[in-house]
Amino acid sequence: MREPTLFELSSPGRTGVTFPQADVPLFDLPDASLLREDLPLPELAEVDVVRHYMALSKYNYSVDGGFYPLGSCTMKYNPKINEDTCRLPGFVFTHPLQPIETAQGNLLLMYQMQEWLKEISGFAAVTLQPAAGAHGEFTGVLMMRAYHQARKDHKRVKMLIPDAAHGTNPASAGMMGFEVVTIPSDERGNVDLKALAAQCDDTVVGMMLTNPNTLGLFDENLQEVVRLVRDCGGLMYADGANLNALLGIVRPGDLGFDVMHFNLHKTFAVPHGGGGPGSGPVGVSERLADFLPTPLVGILEEANEDVPPLYGFITPPQSIGRMKAFHGHFGGGVVRAYTYIAMHGAEGLKDVSQYAVLNANYLKARLQKTYKVPFDRICMHEFVMEGRFEGTDIRALDISKRLMDYGYHPPTNYFPLIVHEALMIEPTETENKDTLDSFADALLKIAEEAHSNPQIIKTAPHNTPFGRMDEVKAARELVLCCWLPEDYDTSQ
Amino acid sequence: MTYIPISPQERDAMLAEIGVNSLDALFQAIPAEHRFPSLKLPAALTEMEAASLLDEIAKSNENLRGDLISFLGAGMYNHYTPAVVDHVLRRGEFYTAYTPYQPEISQGTLQGIFEYQSLMTALTGMELSNASHYDGATAAAEAVNMAFANFRGKRRKILVSGAVHPQYREVIRTYTQGMDLTLTGDQPQADLPQDLLPLIDADTALVIVQYPDFFGRVFDYTGLIETAHSQGTLVCVVTNPTALALLQTPGTMGADIVVGEGQPLGLPMWYGGPSLGFFTTRKQYVHKMAGRLVGETVDSRGEKAYVLTLTAREQHIKREKATSNICSNQGLLALASAVYLSVVGKSGLKQVANLCYQKAHYAAQQLSQIAGVSLLFGQPFFHEFVVRLPKPVAEVNEHLLEHGIVGGYDLGKDYPGMENDMLVAVTEMNTKEEIDMLVEVVQEVLDA
Ligand SMILES: Cc1ncc(COP(=O)(O)O)c(C=O)c1O
């Protein structure tokens, strides 16, 4: 069943792609002490490589292959045209440091993207630089710190974060050395206002809020939450991972947030690539705009009758600095998302969110008589239910593995942490009713099996190329590569 | 145009099942005064229109594969990518999957990353690699975090050579501004390894150098690393993976952490990203390092297989105590670099490195024969070198561009006093004819 590794497939003397002979006179190599002796890379022919990766690809579940309702991840269909536009030679073969006069296409596209994201989110300014959601969070947290520092308000050290938050929120605040204060949720799944009020004082940096939250619920007291935090001098951070619920529905900037990261790899259909790359632009309100990372794209010379404007890079006056080398995830991130937005327009984006919410509520309606949905109200683009049944020891993980036998990727497991045996389901707008129905049927069938044949769930998956993994062995033995330096002492 | 596969009849049936009578009724929780804003965006395009709009935008750039000849590097390089690489990346099974949280149905991604980790250790001479960081600069910043955590914050100095890429140093400054530590070195000057020695002390957590350095110079850092180790200080080497096909590995020199930009390994320049940050280190630091790791194990059927491992270091478990907040990384581009390394293989990568070396040395020799032009440094170099010109680089580059040539990087932008110094990069993509043309035009500008 298993495909050998590249190193196992390698055979000395085989070659893949070769390169031309040098067309210049030859020079001596540096002193031998500066040269390596061996280059232990695999030796394979091109066909070996293609067959290897074809074999590996067949072991993967993917959006192109089927329904992937992984909550919080927005696994929507990735339009094929975006794969073509991001590979246009004008984008692929441009160097980040080439003269701006020769890269006006890229700069225009980035400028328009900044403008579009501002319009969609209601923020005053946008940077495209952050590489992913978590990187955007860190960018935002740095700006929040810089804002308070610039006001000589040095006692602010507390970051308020709801208990339902994604792990990257506290981790981003932790990277800044802030003290993370966890705010509980109330019985309707909203931020607990009393608990929040008790923490709101002049040591608050701000609050990091995901809205709709990770239960898929729009906070019913949002305006009160924002008021409490702002009144004590704190800033509001929005985790934009759930923006797929809000396009043309409401703009976070209008709700009083100061800063938000976008996940272009969720909301705007940039493919997830088996783990990345993502793209995490950040929008900010007026009062944080001067702290944005450098560089932004701006107009250096206004257009006149005969010439278009000259686009180039600008540095905000109190910039926190640079978040990564060069200008962000332009090609694989921004170009794909630009194509997507250009094809949707305002109405299309609103449809996206409306149908994402429709699909989630439809699935919830079909399942909630059988599975417990802890906070029962209209959800947004996703919902969380409990993966357990009275009188059985079936857990969310078991249900997930069994779903694979029915041909589905499981929902997100064990997140958010505040729901027992959480199964977080995000269908997205790109699934049809038939798919949703068959998925619901499979979950209802599993609920029956939980009583009639629990063993088949406990030992699932059965129909996949691999069975459950021995995770303990992996962590204990720590075999992290199939090749080790010769002088490496394995007894360590 | 949208990608919503639901008919109006189906929509109505679904609304009925939910128990509401319109799509708008699903949004009652949104504050009414802000609900349904009308967004001012251009009218939606069909696929055909979008394709032509993007084509037009892309064509309004001048690219480095046909429009212009380029000698620009400085952290991103114009290399040849074999066709196979993109054919593999275009498999929907790879690019439309998420992070492999469910290993039973993600072995393609998991084995792909495991092999990537293996290839990176082979290249760098290190013991383990993580699954990637955003880019070379952020990987270097994560090295700082790791070293800081390694000493539990007790060592408060990070020493960065001025010959590390200026943008990498900027990113390190950004990342560390909330941390209680001092960056030493980090001056805009072409530091030599020996310049750093007196700055290493018992409070220094980490020394960061680059190999070849930003100016293209190749140093053997063994002595520097020994000195650092004698103080208990860790050393991070930022490196170029193509150069490692030829040069001694930082692992052999004793480096504790080796990071870098993986873009030269078959990845597009894409105007700067997304690219690939690689991060390798020694096994003793495995619990301190950030990022995802894939480890080997067996499944319930006794088959060898792979899983994400040591996840207890990561944000979703450790939350504010995590080693880093990284979640999404550069998965698909790590896969791309692995496909590249497997298809060029041992002999192909050596050929690429050798071509870069030979052509760069030819260019250096030819340029330095122009009256008034000299090589600024005497050290060995790989595919990038500095020439001192009798005129500002900005002026020379402007003239070169008129001839369709993108000249080397203007070092005066980052290093005061180096306005006449050009960092020239030459790869396997540059023909002798192009190099001769560069030399000819430089000669012409200087004669003018
Ligand atoms: C709610 C939430 N916040 C933040 C993130 C982090 O985003 P990224 O993986 O792009 O860093 C995620 C990603 O899964 C998320 O679901």
# chains A, B, ... in the order shown; residues from 1 in each chain; ligands from 1
>>> residues_around(residues="A:Thr464", least_positions_apart="2", cutoff="10 Å", atoms="only C-alpha atoms", output="list in words")
Tyr59, Lys401, Met404, Asp405, Tyr406, Gly407, Ala460, Pro461, His462, Phe466, Gly467 and Arg468 of chain A; Glu104 and Ile105 of chain B
>>> residues_around(residues="stretch 1-8 of chain B", least_positions_apart="6", cutoff="10 Å", atoms="only C-alpha atoms", output="PDB file with C-alpha atoms, in the first residue's frame")
ATOM      1  CA  LYS A  76     -14.646  26.475  -0.317  1.00  0.00           C
ATOM      2  CA  TYR A  77     -14.139  25.508  -3.928  1.00  0.00           C
ATOM      3  CA  ASN A  78     -11.033  27.094  -5.450  1.00  0.00           C
ATOM      4  CA  PRO A  79     -11.911  28.440  -8.908  1.00  0.00           C
ATOM      5  CA  TYR A 340     -12.040  36.244  -7.206  1.00  0.00           C
ATOM      6  CA  ILE A 341     -13.297  39.644  -6.050  1.00  0.00           C
ATOM      7  CA  ALA A 342     -13.263  41.057  -9.589  1.00  0.00           C
ATOM      8  CA  MET A 343     -15.537  38.218 -10.680  1.00  0.00           C
ATOM      9  CA  HIS A 344     -17.961  38.611  -7.782  1.00  0.00           C
ATOM     10  CA  GLY A 345     -18.546  42.323  -7.391  1.00  0.00           C
ATOM     11  CA  GLU A 347     -23.728  41.469  -5.217  1.00  0.00           C
ATOM     12  CA  GLY A 348     -21.708  38.320  -5.770  1.00  0.00           C
ATOM     13  CA  LEU A 349     -19.883  38.737  -2.477  1.00  0.00           C
ATOM     14  CA  ASP A 351     -24.455  36.040  -2.256  1.00  0.00           C
ATOM     15  CA  VAL A 352     -21.367  34.221  -1.022  1.00  0.00           C
ATOM     16  CA  TYR A 355     -25.470  31.131   0.885  1.00  0.00           C
ATOM     17  CA  ALA A 356     -22.681  30.208   3.281  1.00  0.00           C
ATOM     18  CA  ASN A 359     -25.970  26.091   4.012  1.00  0.00           C
ATOM     19  CA  THR A 428     -19.342  26.990   2.766  1.00  0.00           C
ATOM     20  CA  GLU A 429     -21.485  28.343  -0.058  1.00  0.00           C
ATOM     21  CA  THR A 430     -19.965  26.172  -2.769  1.00  0.00           C
ATOM     22  CA  GLU A 431     -21.810  22.975  -1.836  1.00  0.00           C
ATOM     23  CA  ASN A 432     -25.127  21.942  -3.300  1.00  0.00           C
ATOM     24  CA  LYS A 433     -28.171  20.649  -1.444  1.00  0.00           C
ATOM     25  CA  ASP A 434     -27.559  17.053  -2.488  1.00  0.00           C
TER      26      ASP A 434
ATOM     27  CA  MET B  14     -33.764  24.869   2.505  1.00  0.00           C
ATOM     28  CA  ALA B  44     -18.701  41.634 -11.517  1.00  0.00           C
ATOM     29  CA  LEU B  45     -16.801  40.137 -14.439  1.00  0.00           C
ATOM     30  CA  THR B  46     -17.339  36.869 -16.208  1.00  0.00           C
ATOM     31  CA  GLU B  47     -14.439  34.454 -16.323  1.00  0.00           C
TER      32      GLU B  47
END
>>> select_by_dssp(residues="stretch 412-482 of chain A", states="strand (DSSP E or B)", output="ChimeraX atom specification")
/A:412-413,422-425,469
>>> write_last_selection(atoms="all heavy atoms", output="short mmCIF file (atom, residue, chain, number, x, y, z; two decimals), in the first residue's frame")
data_model
loop_
_atom_site.label_atom_id
_atom_site.label_comp_id
_atom_site.auth_asym_id
_atom_site.auth_seq_id
_atom_site.Cartn_x
_atom_site.Cartn_y
_atom_site.Cartn_z
N THR A 412 -14.01 20.08 11.99
CA THR A 412 -12.96 20.36 12.97
C THR A 412 -13.34 19.71 14.31
O THR A 412 -14.49 19.79 14.73
CB THR A 412 -12.81 21.89 13.13
OG1 THR A 412 -12.33 22.40 11.88
CG2 THR A 412 -11.84 22.25 14.24
N ASN A 413 -12.37 19.09 14.94
CA ASN A 413 -12.61 18.40 16.22
C ASN A 413 -12.04 19.19 17.38
O ASN A 413 -10.97 19.78 17.26
CB ASN A 413 -11.88 17.05 16.27
CG ASN A 413 -12.35 16.07 15.22
OD1 ASN A 413 -11.71 15.04 15.03
ND2 ASN A 413 -13.42 16.36 14.55
N ALA A 422 -16.47 18.77 20.68
CA ALA A 422 -16.93 19.68 19.62
C ALA A 422 -16.71 19.11 18.22
O ALA A 422 -15.64 18.57 17.90
CB ALA A 422 -16.20 21.01 19.75
N LEU A 423 -17.74 19.25 17.41
CA LEU A 423 -17.65 19.02 15.97
C LEU A 423 -18.08 20.33 15.32
O LEU A 423 -19.23 20.73 15.43
CB LEU A 423 -18.59 17.89 15.53
CG LEU A 423 -18.19 16.47 15.91
CD1 LEU A 423 -19.33 15.51 15.61
CD2 LEU A 423 -16.93 16.04 15.15
N MET A 424 -17.13 20.98 14.69
CA MET A 424 -17.39 22.31 14.16
C MET A 424 -17.54 22.19 12.64
O MET A 424 -16.60 21.81 11.94
CB MET A 424 -16.20 23.18 14.53
CG MET A 424 -16.30 24.62 14.13
SD MET A 424 -14.66 25.30 14.36
CE MET A 424 -15.08 26.90 14.98
N ILE A 425 -18.72 22.55 12.16
CA ILE A 425 -19.08 22.25 10.76
C ILE A 425 -19.25 23.53 9.96
O ILE A 425 -20.10 24.36 10.29
CB ILE A 425 -20.38 21.42 10.72
CG1 ILE A 425 -20.19 20.13 11.53
CG2 ILE A 425 -20.80 21.12 9.29
CD1 ILE A 425 -21.41 19.23 11.57
N MET A 469 -3.65 6.28 13.46
CA MET A 469 -2.20 6.38 13.63
C MET A 469 -1.77 6.20 15.08
O MET A 469 -2.48 6.59 16.00
CB MET A 469 -1.72 7.76 13.17
CG MET A 469 -2.03 8.06 11.74
SD MET A 469 -1.05 7.02 10.65
CE MET A 469 -2.06 7.10 9.16
#
>>> residues_near_ligand(ligand="ligand 1", cutoff="8 Å", atoms="only C-alpha atoms and all ligand atoms", output="PyMOL selection string")
(chain A and resi 71-73+131-137+165-169+210+213-214+239-242+263+265+275-276+278-280) or (chain B and resi 325-329)
>>> residues_around(residues="stretch 65-67 of chain A", least_positions_apart="5", cutoff="8 Å", atoms="only C-alpha atoms", output="list in words")
Gly407, Tyr408, His409, Pro427, Glu431 and Thr435 of chain A; Gly92 and Glu93 of chain B
>>> write_last_selection(atoms="C-alpha atoms", output="mmCIF file, in the first residue's frame")
data_model
loop_
_atom_site.group_PDB
_atom_site.id
_atom_site.type_symbol
_atom_site.label_atom_id
_atom_site.label_comp_id
_atom_site.auth_asym_id
_atom_site.auth_seq_id
_atom_site.Cartn_x
_atom_site.Cartn_y
_atom_site.Cartn_z
ATOM 1 C CA GLY A 407 -16.434 9.553 1.925
ATOM 2 C CA TYR A 408 -16.262 12.862 3.790
ATOM 3 C CA HIS A 409 -13.587 14.927 5.378
ATOM 4 C CA PRO A 427 -20.110 23.766 4.750
ATOM 5 C CA GLU A 431 -21.810 22.975 -1.836
ATOM 6 C CA THR A 435 -24.120 17.062 -0.918
ATOM 7 C CA GLY B 92 -6.045 19.447 -6.821
ATOM 8 C CA GLU B 93 -5.329 16.650 -4.343
#
>>> closest_residue(among="A:Gly216, A:Gly253, A:Gly174, A:Gly233", to="A:Asp201", atoms="only C-alpha atoms")
A:Gly233
>>> residues_around(residues="stretch 311-316 of chain B", least_positions_apart="6", cutoff="12 Å", atoms="only C-alpha atoms", output="ChimeraX atom specification")
/A:134,164-175,413-417,471-472,474-475 /B:101,130,146,285-295,322-328
>>> residues_around(residues="B:Gln248", least_positions_apart="2", cutoff="6 Å", atoms="only C-alpha atoms", output="list of chain:residue names")
A:Leu34, A:Leu35, A:Arg36
>>> write_last_selection(atoms="all heavy atoms", output="compact mmCIF listing (two decimals), in the first residue's frame")
# COMPACT_ATOMS: atom_id res chain seq x y z
N LEU A 34 36.33 24.95 1.70
CA LEU A 34 35.04 25.64 1.64
C LEU A 34 33.99 24.81 0.90
O LEU A 34 32.84 25.23 0.79
CB LEU A 34 35.19 26.99 0.93
CG LEU A 34 35.83 28.13 1.73
CD1 LEU A 34 36.02 29.35 0.85
CD2 LEU A 34 34.99 28.49 2.95
N LEU A 35 34.37 23.67 0.38
CA LEU A 35 33.44 22.90 -0.44
C LEU A 35 32.91 21.68 0.33
O LEU A 35 33.61 21.11 1.17
CB LEU A 35 34.12 22.42 -1.71
CG LEU A 35 34.70 23.52 -2.60
CD1 LEU A 35 35.36 22.90 -3.83
CD2 LEU A 35 33.61 24.50 -3.01
N ARG A 36 31.71 21.29 0.02
CA ARG A 36 31.16 20.10 0.67
C ARG A 36 31.64 18.87 -0.07
O ARG A 36 31.94 18.91 -1.27
CB ARG A 36 29.64 20.17 0.76
CG ARG A 36 28.90 19.92 -0.52
CD ARG A 36 27.40 20.11 -0.33
NE ARG A 36 26.82 19.13 0.56
CZ ARG A 36 25.64 19.27 1.17
NH1 ARG A 36 24.92 20.38 0.99
NH2 ARG A 36 25.15 18.35 1.95
